Amino acid sequence: MKRLSDLPPRDLDLLSAYLDEGLRPKDKERLVARLEREPDLLWALEELRRTVSIVRSLPELRPPRSFTLTPESAGIGARVPAYPLLQLGTALATLAFVAVVGLDALTSRAIGVSLAPAAQEQAERFAAPSIEEATVTAPLEAMPVLGITGAEEPPQALSELAVGSPTPQPTVSIGEDGPPVTLPGASEALPTSQPEEAVEDRAFTPSGTQCIGCGGGEGELDASQLPSIGMAPPASTSTPTAAPTEAPAGKIGEAPLAADQGNAPLNYTQPSGEYRSRVTLVRLAEISLGLAAVIMAGLTLWVRRRG
Amino acid sequence: MELIHDAREGDLEAFNRLVLANQSRVFNVALRIMGDQDSASDATQDAFISAYRNLRRFRGGSFQGWLLRIVTNSCYDELRRRKRRPATSLDDLTTEPDGEQAEAGLSLASRHEGPEAAFEHAELSRAIEDCLRHLPDEFRVVAVLADVQGFDYAAVAQMVGKPLGTVKSRLARARARLRDCLRGYGELLPAAFRLQDETA
């Protein structure tokens, strides 16, 4: 036998594994028994052992250079540009957040200062019920009288209605033979900018029709229009006697809310709406910028840690 | 293990210390598989880069074994590329010892030996390398890992990703072919290593 490659593959596997102590005990016993009987097999084993010994004598060579990694070769260099960009983004987001919060604080203070007098005035008006409330709180007993008699009704009943308002300021001041009456109380209760429709919504005659002469409060009334609700008759000089009563039912009883809204000056409700929408926008901007700043800061730290 | 943990966290310095500790063995495996220093250097560098990028996939056990598996696969990839685009290396055309390789073989052998012994070892190394180079790739890888590097069957099976029986069988055939190849060098081999015929 000249070549180990000519050996049966099974025998070759057994001999190779025998050299490496990789045979099971039973297979090892069988192979040892065969080796004693078969010189060719023994020769093949010795050749394999010599070959393995030769190959293992191959020296280990020194590497020609060091294989340590640089950040570039490790692929870290590609991430480097992301770090300063993230830093810049974080700084910008934080600055924008601080600017919006500061602006919000300043704007809120300014609006609060500008609204303060109007709000105070409004509060005073609500604290002192106007002539319209007197209309609403008119005694139920008076309603039939008003509804039936209208302009012919004795002034006394109407004067009681007007007196029903707890407003300390007299609503009507008329002399016995005085000229057409002005109603300063009404003019105060209804601002000049208030449109007539609002007044018409609030003021009704006893018969349920709208009171034309009541509108605005600045116009002059003549004697034939006096018996409308909310105004004292010209002859009425009686002292206030009426106490607060229950709100009347019916159409008049539904009026207070509308009357209150009509009383509120326009320059109070409109800025409030704008302010609210602006505040909402500012809050959204603050939340968005704050979140952006936090997220970018987190990303920056993560990139820095990995880089 | 601490170095591996730090390297996993992205500490390049820790990983480079692992490189320094293992680069000699990784390079030698690559050299014996690829057969030339340039290809071995490329495969070694690729293996370390790949190891760094995939360090989170290391599940414990032998880190060196994991590295050798990576470099083995890297070598396989390069050998497959060579087969698709075959190119004759100048190293294969010359029968004389290549200057750089012979020098490397001599440099290690001649440290503790005289010039004659150093020359014999250089001749032997060249003969072994030549025989290894002529083995089929799958036989060469197993022979390098088991006989040159001294890993046991289980470790080799893990590195090449093949069953134990396949590794045993490939190794036996590789050894038989190596023996037949080395026999051709006859007188070039030192007397102690000279292979004998059945009749000798």
# chains A, B, ... in the order shown; residues from 1 in each chain; ligands from 1

$ interface_residues --of "chain A" --to "chain B" --cutoff "10 Å" --atoms "only C-alpha atoms" --output "ChimeraX atom specification"
/A:1-7,9-17,20,22,39-40,43-44,46-71,73-76,305-307

$ write_last_selection --atoms "C-alpha atoms" --output "PDB file, in the first residue's frame"
ATOM      1  CA  MET A   1       0.000   0.000   0.000  1.00  0.00           C
ATOM      2  CA  LYS A   2       1.576   3.237  -1.143  1.00  0.00           C
ATOM      3  CA  ARG A   3      -1.159   5.752  -0.458  1.00  0.00           C
ATOM      4  CA  LEU A   4      -3.235   6.386   2.619  1.00  0.00           C
ATOM      5  CA  SER A   5      -5.988   7.646   0.348  1.00  0.00           C
ATOM      6  CA  ASP A   6      -6.428   4.083  -0.885  1.00  0.00           C
ATOM      7  CA  LEU A   7      -7.378   2.907   2.587  1.00  0.00           C
ATOM      8  CA  PRO A   9     -12.784   5.350   4.259  1.00  0.00           C
ATOM      9  CA  ARG A  10     -14.266   3.596   7.300  1.00  0.00           C
ATOM     10  CA  ASP A  11     -10.819   2.413   8.418  1.00  0.00           C
ATOM     11  CA  LEU A  12      -9.343   5.810   7.779  1.00  0.00           C
ATOM     12  CA  ASP A  13     -11.997   7.453   9.974  1.00  0.00           C
ATOM     13  CA  LEU A  14     -11.389   4.919  12.739  1.00  0.00           C
ATOM     14  CA  LEU A  15      -7.613   5.413  12.653  1.00  0.00           C
ATOM     15  CA  SER A  16      -7.883   9.188  12.647  1.00  0.00           C
ATOM     16  CA  ALA A  17     -10.354   9.185  15.537  1.00  0.00           C
ATOM     17  CA  ASP A  20      -7.402  11.833  18.760  1.00  0.00           C
ATOM     18  CA  GLY A  22     -12.233  10.083  19.764  1.00  0.00           C
ATOM     19  CA  PRO A  39       0.243  -4.794   9.725  1.00  0.00           C
ATOM     20  CA  ASP A  40      -1.081  -2.592   6.902  1.00  0.00           C
ATOM     21  CA  TRP A  43       1.475   1.070   9.151  1.00  0.00           C
ATOM     22  CA  ALA A  44      -1.367   3.409   8.148  1.00  0.00           C
ATOM     23  CA  GLU A  46       1.878   5.273  12.114  1.00  0.00           C
ATOM     24  CA  GLU A  47       1.833   7.300   8.898  1.00  0.00           C
ATOM     25  CA  LEU A  48      -1.177   9.253  10.112  1.00  0.00           C
ATOM     26  CA  ARG A  49       0.470   9.899  13.470  1.00  0.00           C
ATOM     27  CA  ARG A  50       3.633  11.143  11.735  1.00  0.00           C
ATOM     28  CA  THR A  51       1.616  13.352   9.414  1.00  0.00           C
ATOM     29  CA  VAL A  52      -0.292  14.943  12.289  1.00  0.00           C
ATOM     30  CA  SER A  53       2.997  15.502  14.075  1.00  0.00           C
ATOM     31  CA  ILE A  54       4.477  17.201  11.006  1.00  0.00           C
ATOM     32  CA  VAL A  55       1.478  19.464  10.524  1.00  0.00           C
ATOM     33  CA  ARG A  56       1.447  20.427  14.189  1.00  0.00           C
ATOM     34  CA  SER A  57       5.079  21.476  13.908  1.00  0.00           C
ATOM     35  CA  LEU A  58       4.016  24.312  11.656  1.00  0.00           C
ATOM     36  CA  PRO A  59       5.148  27.431  13.476  1.00  0.00           C
ATOM     37  CA  GLU A  60       2.776  30.208  14.392  1.00  0.00           C
ATOM     38  CA  LEU A  61       3.643  33.377  12.530  1.00  0.00           C
ATOM     39  CA  ARG A  62       3.555  36.841  13.932  1.00  0.00           C
ATOM     40  CA  PRO A  63       0.851  39.006  12.421  1.00  0.00           C
ATOM     41  CA  PRO A  64       2.417  41.513   9.993  1.00  0.00           C
ATOM     42  CA  ARG A  65       0.556  44.350  11.669  1.00  0.00           C
ATOM     43  CA  SER A  66      -1.868  45.144  14.445  1.00  0.00           C
ATOM     44  CA  PHE A  67      -5.536  44.589  13.695  1.00  0.00           C
ATOM     45  CA  THR A  68      -6.893  46.949  16.327  1.00  0.00           C
ATOM     46  CA  LEU A  69      -9.843  48.953  15.117  1.00  0.00           C
ATOM     47  CA  THR A  70     -10.010  52.683  14.667  1.00  0.00           C
ATOM     48  CA  PRO A  71     -13.361  54.466  15.083  1.00  0.00           C
ATOM     49  CA  SER A  73     -12.846  51.150  10.583  1.00  0.00           C
ATOM     50  CA  ALA A  74     -15.319  50.105  13.248  1.00  0.00           C
ATOM     51  CA  GLY A  75     -17.974  52.188  11.549  1.00  0.00           C
ATOM     52  CA  ILE A  76     -18.189  54.623  14.421  1.00  0.00           C
ATOM     53  CA  ARG A 305     -22.792  56.859  24.760  1.00  0.00           C
ATOM     54  CA  ARG A 306     -22.621  54.631  21.690  1.00  0.00           C
ATOM     55  CA  GLY A 307     -20.020  56.773  19.946  1.00  0.00           C
TER      56      GLY A 307
END

$ closest_residue --among "B:Leu67, B:Ala7, B:Cys75, B:Lys162" --to "B:Gly35" --atoms "only C-alpha atoms"
B:Cys75

$ atom_distance --atom1 "atom CA of A:Leu284" --atom2 "atom CA of A:Ala297"
19.8 Å

$ atom_distance --atom1 "atom CA of A:Ala82" --atom2 "atom CA of A:Met296"
11.3 Å
